[in-house]
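S.K.: I'm passing along start17.pdb; it holds PDB, C-alpha atoms.
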ATOM      1  CA  MET A  46      84.903  -5.689  70.304
ATOM      2  CA  VAL A  47      87.276  -7.933  68.371
ATOM      3  CA  VAL A  48      87.787  -7.714  64.630
ATOM      4  CA  VAL A  49      89.711 -10.466  62.877
ATOM      5  CA  SER A  50      90.482  -9.934  59.209
ATOM      6  CA  PRO A  51      91.835 -13.209  57.769
ATOM      7  CA  GLU A  52      92.620 -11.656  54.386
ATOM      8  CA  GLU A  53      94.882  -9.021  55.887
ATOM      9  CA  HIS A  54      95.930 -11.009  58.976
ATOM     10  CA  GLU A  55      94.983  -8.148  61.253
ATOM     11  CA  LEU A  56      93.505  -8.458  64.713
ATOM     12  CA  LEU A  57      92.004  -5.350  66.289
ATOM     13  CA  PHE A  58      90.708  -5.169  69.839
ATOM     14  CA  ALA A  59      88.528  -2.178  70.664
ATOM     15  CA  ARG A  60      86.579  -0.824  73.586
ATOM     16  CA  GLY A  61      83.642   1.081  72.195
ATOM     17  CA  SER A  62      84.977   3.011  69.218
ATOM     18  CA  VAL A  63      88.572   3.184  70.487
ATOM     19  CA  ILE A  64      91.105   0.637  69.242
ATOM     20  CA  GLU A  65      93.022  -0.593  72.291
ATOM     21  CA  ARG A  66      95.350  -3.100  70.605
ATOM     22  CA  GLY A  67      96.248  -4.029  67.053
ATOM     23  CA  TYR A  68      98.367  -6.825  65.613
ATOM     24  CA  TYR A  69      99.599  -7.906  62.188
ATOM     25  CA  CYS A  70      99.891 -11.698  62.223
ATOM     26  CA  HIS A  71     100.455 -14.903  60.322
ATOM     27  CA  THR A  72      97.402 -17.079  60.984
ATOM     28  CA  VAL A  73      97.323 -20.851  61.341
ATOM     29  CA  LYS A  74      93.885 -22.481  61.554
ATOM     30  CA  HIS A  75      94.398 -25.839  63.250
ATOM     31  CA  TRP A  76      90.888 -27.263  63.492
ATOM     32  CA  ASP A  77      87.208 -26.484  63.324
ATOM     33  CA  ASP A  78      84.755 -29.155  64.474
ATOM     34  CA  GLY A  79      81.838 -27.349  62.854
ATOM     35  CA  VAL A  80      80.263 -26.468  66.204
ATOM     36  CA  ARG A  81      79.100 -22.872  66.445
ATOM     37  CA  PRO A  82      81.113 -21.389  69.306
ATOM     38  CA  GLY A  83      79.307 -19.595  72.082
ATOM     39  CA  LEU A  84      82.417 -18.501  73.961
ATOM     40  CA  THR A  85      85.957 -17.657  72.845
ATOM     41  CA  ARG A  86      89.094 -17.289  74.897
ATOM     42  CA  PHE A  87      91.775 -15.108  73.321
ATOM     43  CA  ALA A  88      95.157 -15.942  74.841
ATOM     44  CA  PHE A  89      97.865 -13.307  74.393
ATOM     45  CA  VAL A  90     100.951 -15.474  74.580
ATOM     46  CA  ALA A  91     104.456 -14.293  75.464
ATOM     47  CA  GLY A  92     107.531 -16.372  74.786
ATOM     48  CA  LEU A  93     110.333 -16.796  77.273
ATOM     49  CA  ALA A  94     113.360 -14.613  76.612
ATOM     50  CA  GLY A  95     116.073 -16.349  74.630
ATOM     51  CA  VAL A  96     113.818 -18.969  73.044
ATOM     52  CA  SER A  97     114.646 -18.925  69.334
ATOM     53  CA  ASP A  98     112.208 -21.642  68.224
ATOM     54  CA  PHE A  99     109.073 -20.307  69.958
ATOM     55  CA  ARG A 100     106.916 -20.337  66.829
ATOM     56  CA  MET A 101     107.813 -23.899  65.854
ATOM     57  CA  ARG A 102     107.209 -25.193  69.370
ATOM     58  CA  TYR A 103     104.007 -23.268  69.987
ATOM     59  CA  GLU A 104     102.581 -24.247  66.608
ATOM     60  CA  ALA A 105     103.349 -27.895  67.474
ATOM     61  CA  HIS A 106     101.488 -27.366  70.770
ATOM     62  CA  ALA A 107      98.238 -27.566  68.784
ATOM     63  CA  ALA A 108      98.573 -31.352  68.582
ATOM     64  CA  ILE A 109      98.744 -31.561  72.381
ATOM     65  CA  ALA A 110      95.871 -29.084  72.780
ATOM     66  CA  ARG A 111      93.740 -31.184  70.428
ATOM     67  CA  VAL A 112      94.030 -34.202  72.747
ATOM     68  CA  GLN A 113      94.256 -32.577  76.187
ATOM     69  CA  HIS A 114      91.556 -29.878  75.715
ATOM     70  CA  PRO A 115      88.516 -31.728  74.324
ATOM     71  CA  ALA A 116      86.112 -28.809  74.797
ATOM     72  CA  ILE A 117      87.904 -26.656  72.210
ATOM     73  CA  CYS A 118      85.773 -26.862  69.070
ATOM     74  CA  ARG A 119      87.906 -24.472  66.999
ATOM     75  CA  TYR A 120      91.570 -23.577  67.486
ATOM     76  CA  VAL A 121      93.423 -20.812  65.677
ATOM     77  CA  GLN A 122      96.880 -19.379  66.328
ATOM     78  CA  HIS A 123      97.974 -15.934  65.157
ATOM     79  CA  PHE A 124     101.746 -15.449  65.234
ATOM     80  CA  VAL A 125     102.418 -11.748  65.779
ATOM     81  CA  LYS A 126     104.734 -10.054  63.287
ATOM     82  CA  HIS A 127     104.220  -6.648  64.923
ATOM     83  CA  GLY A 128     101.682  -5.066  67.210
ATOM     84  CA  THR A 129     100.902  -2.644  69.990
ATOM     85  CA  GLU A 130     102.048  -5.036  72.704
ATOM     86  CA  PRO A 131     105.733  -5.903  72.209
ATOM     87  CA  VAL A 132     105.814  -9.000  74.460
ATOM     88  CA  CYS A 133     102.932 -10.704  72.625
ATOM     89  CA  ALA A 134     104.395 -13.422  70.372
ATOM     90  CA  ALA A 135     101.099 -15.116  69.493
ATOM     91  CA  ILE A 136      97.366 -14.814  69.989
ATOM     92  CA  SER A 137      95.405 -18.034  70.229
ATOM     93  CA  GLU A 138      91.669 -18.354  69.722
ATOM     94  CA  LEU A 139      90.184 -21.168  71.800
ATOM     95  CA  HIS A 140      86.533 -21.530  70.823
ATOM     96  CA  PHE A 141      84.041 -23.420  72.993
ATOM     97  CA  ALA A 142      80.440 -24.423  72.377
ATOM     98  CA  ASP A 143      79.436 -22.801  75.671
ATOM     99  CA  GLU A 144      80.695 -21.858  79.115
ATOM    100  CA  HIS A 145      79.661 -25.180  80.639
ATOM    101  CA  SER A 146      81.756 -27.219  78.199
ATOM    102  CA  MET A 147      84.725 -24.895  78.733
ATOM    103  CA  ARG A 148      84.566 -25.306  82.507
ATOM    104  CA  GLU A 149      83.718 -29.017  82.631
ATOM    105  CA  ARG A 150      85.797 -30.339  79.729
ATOM    106  CA  PHE A 151      88.728 -27.922  79.477
ATOM    107  CA  TYR A 152      91.074 -30.787  80.385
ATOM    108  CA  ARG A 153      90.599 -34.381  79.190
ATOM    109  CA  ASP A 154      91.536 -35.956  82.526
ATOM    110  CA  GLU A 155      93.492 -35.454  85.765
ATOM    111  CA  HIS A 156      96.839 -35.793  83.907
ATOM    112  CA  SER A 157      96.140 -33.214  81.200
ATOM    113  CA  ALA A 158      97.392 -30.144  83.068
ATOM    114  CA  ALA A 159     100.745 -31.859  83.671
ATOM    115  CA  VAL A 160     101.005 -32.891  80.008
ATOM    116  CA  VAL A 161     100.336 -29.335  78.858
ATOM    117  CA  ASP A 162     102.730 -27.869  81.430
ATOM    118  CA  ALA A 163     105.513 -30.247  80.367
ATOM    119  CA  ASP A 164     105.115 -29.010  76.805
ATOM    120  CA  ILE A 165     104.983 -25.250  77.390
ATOM    121  CA  SER A 166     107.093 -24.673  80.505
ATOM    122  CA  ASP A 167     110.412 -24.023  78.757
ATOM    123  CA  TYR A 168     109.245 -21.698  75.961
ATOM    124  CA  LEU A 169     106.045 -19.927  77.096
ATOM    125  CA  ASP A 170     106.200 -17.101  79.641
ATOM    126  CA  ARG A 171     103.160 -17.598  81.874
ATOM    127  CA  ASP A 172     103.811 -14.419  83.876
ATOM    128  CA  ARG A 173     103.419 -12.250  80.743
ATOM    129  CA  THR A 174     100.695 -14.344  79.069
ATOM    130  CA  TRP A 175      97.104 -13.275  79.659
ATOM    131  CA  SER A 176      93.677 -13.935  78.204
ATOM    132  CA  ILE A 177      90.161 -12.590  77.768
ATOM    133  CA  LEU A 178      86.836 -14.361  77.334
ATOM    134  CA  THR A 179      84.308 -13.089  74.842
ATOM    135  CA  ARG A 180      81.035 -14.074  73.278
ATOM    136  CA  LEU A 181      81.083 -13.612  69.521
ATOM    137  CA  SER A 182      78.224 -11.594  68.099
ATOM    138  CA  SER A 183      79.067 -12.639  64.546
ATOM    139  CA  ASP A 184      80.767 -15.727  63.167
ATOM    140  CA  SER A 185      81.658 -15.035  59.564
ATOM    141  CA  ARG A 186      84.858 -17.102  59.574
TER     142      ARG A 186
END
So, in terms of structure tokens, how does the structure I just supplied come out?
M.R.:
Amino acid sequence: MVVVSPEEHELLFARGSVIERGYYCHTVKHWDDGVRPGLTRFAFVAGLAGVSDFRMRYEAHAAIARVQHPAICRYVQHFVKHGTEPVCAAISELHFADEHSMRERFYRDEHSAAVVDADISDYLDRDRTWSILTRLSSDSR
């Protein structure tokens, strides 16, 4: 279960009735195409050590994601101020209409992966970044 509280900027991830992870964040809502998402990927993003401008660069990444990932119908970034996982610098919500669109249209074309990699490779730590897929049971945002 995932609980996102935009008023308090809290994200809570629970298994059953036990909270597994919690984060206090600053939230940036980049776009919402008005499509009701059927599938959401939460990416727990770690920055590379020594990168002082991670937030600025990752927030700017949204413009690249908008073009290179056409299946994303809603994109939200939560920049972690503090949380239960110290290496997590941001949590991104990538919302998709359905699993088919996520798989078939994740990248715009055969060059998209290289464009994205060129942007993130010197500030995002892929080895410590991970993600989960979930189907939302409620969409009150």
S.K.: Pick the closest to Tyr69 of chain A from A:Arg100, A:His145, A:His54, A:Arg173: which is it, counting all atoms listed in the file?
M.R.: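 For Tyr69 of chain A, the nearest of the candidates is A:His54.
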S.K.: Can you turn the PyMOL selection byres ((chain A and resi 133) around 10) into a concrete residue list for this file, as a PyMOL selection string?
M.R.: chain A and resi 68+88-92+124-132+134-136+173-175
S.K.: With only C-alpha atoms as the counted atoms, please give the residues lying no more than 10 Å from Glu104 of chain A, apart from itself and same-chain residues fewer than 4 positions off, as a ChimeraX atom specification.
M.R.: /A:73,75,99-100,108,121-124,135
S.K.: Take atom CA of Tyr120 of chain A and atom CA of Ser137 of chain A and report the distance between them in Å, one decimal.
M.R.: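 Rounded to one decimal, the two atoms are 7.3 Å apart.
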S.K.: Would you give the centre and edge lengths, in Å to one decimal, of a box along x, y and z around the listed atoms of segment 95-104 of chain A, with 6 Å added to each side, as lines of an AutoDock Vina configuration file?
M.R.:
center_x = 109.3
center_y = -20.8
center_z = 70.2
size_x = 25.5
size_y = 20.8
size_z = 20.8
S.K.: One number please: atom CA of Met101 of chain A to atom CA of Asp170 of chain A, in Å, one decimal.
M.R.: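 Value for the atom CA of Met101 of chain A-atom CA of Asp170 of chain A distance: 15.5 Å.
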